[in-house]
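A.B. asks: Have a look at the structure that comes next, please.
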Amino acid sequence: MPSPKARSSAARSGSVPCTGGNGRYEFISLSRTPPPHLLQRQGSDPTTARLRASESPNRRRGSGSSTSSTGGQQLPEEDCMKLNPSIIGIALSSLLAIDLWLSKRLGVCACEDSSWGSVRPLMKLVEISGHGIPWLAGAAYCLYKSDSAAGQEVMLNLLMALVLDLVLVGVMKAVVRRRRPAHNRMDMFATFSVDGYSFPSGHATRAAMCARFLLAHLVLAAPLRVLVLLWATFVGFSRVLLGRHHVTDVVFGFFMGYWQYNLVEILWLSPVVLQSTIGQLH
Ligand SMILES: CC(C)=CCC/C(C)=C/CC/C(C)=C/CC/C(C)=C/COP(=O)(O)O
């Protein structure tokens with residue numbers, strides 16, 4: 001329950017108290033025009049009439065009393081639920097603001113003059129370790145050199161996973177079109193045009209997916225498994241430190257890469273497919 005003081009200040013500011021889905025009081029402003037979808041969905045119910053009344057020319061000019069058109073009535077719960085998206089919007093904007101601020105603060109190797117500029121060459125080595133070309137070239141070479149059918153099967157599927165990753169990340173970047181951080185210097189080697197975009201981090205998706213792949217099929221020794229996990233984490237961190245990405249690009253990239261591995265398992269190419277592929281190559 002809002003206090004009487006809160007209630008009177010709400011009346012002064014043209015807000016109406018009503019209960020949200022969680023039973024708590026929320027305040028909605030009536031000094032703004034309700035969004036068209038709200039009016040449309042409400043059709044001709046009494047609430048619509050009240051909202052329309054609040055839109056009278058007098059009110060829009062700001063000459064009417066803020067409570068006169070509503071009489072301080074409570075709106076039905078469903079109306080409050082419709083206003084929740086604005087709360088989600090505010091939460092998202094806040095998250096993005098924190099993301100921009102944090103990414104800028106963490107971009108300590110963004111250029112040679114940055115506070116950790118001397119570590120930039122090391123970070124660029126980490127970047128190369130997660131780049132698509134060494135991974136594709138390595139998997140293709142191992143496939144070519146592998147003697148056993150099991151080894152060939154694993155390498156062929158790793159190649160398929162890497163290509164799938166490039167396609168999915170490329171599509172996602174082209175759809176979202178988020179710009180890279182302003183402090184990034186675009187001096188990466190071998191990039192596609194979509195790599196001008198930031199979301200999600202292709203290095204992070206690849207690192208997460210390849211780490212899961214390696215742990216599932218190739219790396220069994222415990223110390224090496226830890227190293228694989230550290231490498232993947234470090235690749236992700238290095239994207240933000242180099243100023244290439246926002247924090248959310250990398251976090252989402254890790255999730256996406258993790259999920260991509262599930263897809264690889266579903267699409268796993270069997271030895272039969274492998275034999276016909278190898279047969280066609282020879
Ligand atoms: C080497 C072999 C066998 C084939 C090469 C095929 C080829 C041309 C692959 C392209 C790989 C490539 C350019 C990947 C892009 C990697 C990249 C810069 C991603 C951007 O990562 P982000 O973390 O900054 O989003």
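The chains in the structure tokens are called A, B, ... from first to last as shown; in each chain the residues are counted from 1, and the ligands are counted from 1 in the order shown.
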Neighbours of ligand 1 at 9 Å or closer, counting only C-alpha atoms and all ligand atoms: which residues, as a PyMOL selection string?

C.D. replies: chain A and resi 127-128+130-141+159+163+166+169-170+173+180+188-192+194-206+235-236+239+244-245+249-250+253

A.B. asks: Can you check which residues of segment 194-232 of chain A DSSP gives as alpha helix (DSSP H) on the backbone and send them as a list of chain:residue names?

C.D. replies: A:Gly202, A:His203, A:Ala204, A:Thr205, A:Arg206, A:Ala207, A:Ala208, A:Met209, A:Cys210, A:Ala211, A:Arg212, A:Phe213, A:Leu214, A:Leu215, A:Ala216, A:His217, A:Ala222, A:Pro223, A:Leu224, A:Arg225, A:Val226, A:Leu227, A:Val228, A:Leu229, A:Leu230, A:Trp231, A:Ala232

A.B. asks: Could you write those residues out with C-alpha atoms, as a PDB file, in the first residue's frame?

C.D. replies:
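Result went into out_39.pdb, see below:
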ATOM      1  CA  GLY A 202      33.001 -14.940 -32.952  1.00  0.00           C
ATOM      2  CA  HIS A 203      36.116 -15.721 -30.936  1.00  0.00           C
ATOM      3  CA  ALA A 204      34.000 -16.382 -27.843  1.00  0.00           C
ATOM      4  CA  THR A 205      31.572 -18.700 -29.684  1.00  0.00           C
ATOM      5  CA  ARG A 206      34.466 -20.586 -31.264  1.00  0.00           C
ATOM      6  CA  ALA A 207      36.378 -20.830 -27.996  1.00  0.00           C
ATOM      7  CA  ALA A 208      33.350 -22.189 -26.107  1.00  0.00           C
ATOM      8  CA  MET A 209      32.358 -24.607 -28.856  1.00  0.00           C
ATOM      9  CA  CYS A 210      35.902 -25.864 -29.517  1.00  0.00           C
ATOM     10  CA  ALA A 211      36.561 -26.240 -25.789  1.00  0.00           C
ATOM     11  CA  ARG A 212      33.495 -28.459 -25.438  1.00  0.00           C
ATOM     12  CA  PHE A 213      34.488 -30.367 -28.563  1.00  0.00           C
ATOM     13  CA  LEU A 214      38.047 -30.937 -27.332  1.00  0.00           C
ATOM     14  CA  LEU A 215      36.879 -32.001 -23.876  1.00  0.00           C
ATOM     15  CA  ALA A 216      34.350 -34.432 -25.334  1.00  0.00           C
ATOM     16  CA  HIS A 217      36.517 -36.060 -27.999  1.00  0.00           C
ATOM     17  CA  ALA A 222      42.919 -33.628 -16.362  1.00  0.00           C
ATOM     18  CA  PRO A 223      45.694 -30.952 -16.491  1.00  0.00           C
ATOM     19  CA  LEU A 224      45.116 -30.472 -20.206  1.00  0.00           C
ATOM     20  CA  ARG A 225      41.364 -30.221 -19.670  1.00  0.00           C
ATOM     21  CA  VAL A 226      41.969 -27.398 -17.222  1.00  0.00           C
ATOM     22  CA  LEU A 227      44.264 -25.731 -19.762  1.00  0.00           C
ATOM     23  CA  VAL A 228      41.546 -25.949 -22.430  1.00  0.00           C
ATOM     24  CA  LEU A 229      39.042 -24.257 -20.115  1.00  0.00           C
ATOM     25  CA  LEU A 230      41.553 -21.559 -19.166  1.00  0.00           C
ATOM     26  CA  TRP A 231      42.349 -20.931 -22.819  1.00  0.00           C
ATOM     27  CA  ALA A 232      38.662 -20.510 -23.721  1.00  0.00           C
TER      28      ALA A 232
END

A.B. asks: So the first atom is atom CA of Arg177 of chain A and the second is atom CA of Asp113 of chain A; what is the distance between them in Å, to one decimal place?

C.D. replies: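 Interatomic distance here is 28.4 Å.
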
A.B. asks: Applying 9 Å and only C-alpha atoms, which residues near segment 262-269 of chain A remain after dropping the ones on its own chain fewer than 3 positions away? List them as a ChimeraX atom specification.

C.D. replies: /A:153-154,156-158,160-161,164,209,213,258-259,272-274

A.B. asks: By how many Å are atom CA of Pro181 of chain A and atom CA of Gly107 of chain A apart?

C.D. replies: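 Interatomic distance, atom CA of Pro181 of chain A to atom CA of Gly107 of chain A: 9.1 Å.
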
A.B. asks: Using only C-alpha atoms, pick whichever of A:Ile88, A:Leu162, A:Val175, A:Phe234 has the shortest atom-to-atom distance to Ser129 of chain A.

C.D. replies: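 Under the stated criterion, the closest residue is A:Phe234.
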
A.B. asks: Please determine, counting only C-alpha atoms, which residue among A:Ser93, A:Leu100, A:Gly117, A:Leu168 has the shortest atom-to-atom distance to Gly257 of chain A.

C.D. replies: A:Leu168

A.B. asks: Which one of A:Leu242, A:Val251, A:Val176, A:Met256 sits closest to Met123 of chain A if you count only C-alpha atoms?

C.D. replies: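 That would be A:Leu242, the residue with the smallest distance to Met123 of chain A.
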
A.B. asks: Provide the atom CA of Ile87 of chain A to atom CA of Ala182 of chain A distance in Å, to one decimal place.

C.D. replies: 28.0 Å

A.B. asks: Have a look at A:Ala150, A:Ala97, A:Cys142, A:Cys111 and name the one nearest to Leu241 of chain A; count only C-alpha atoms.

C.D. replies: A:Cys111
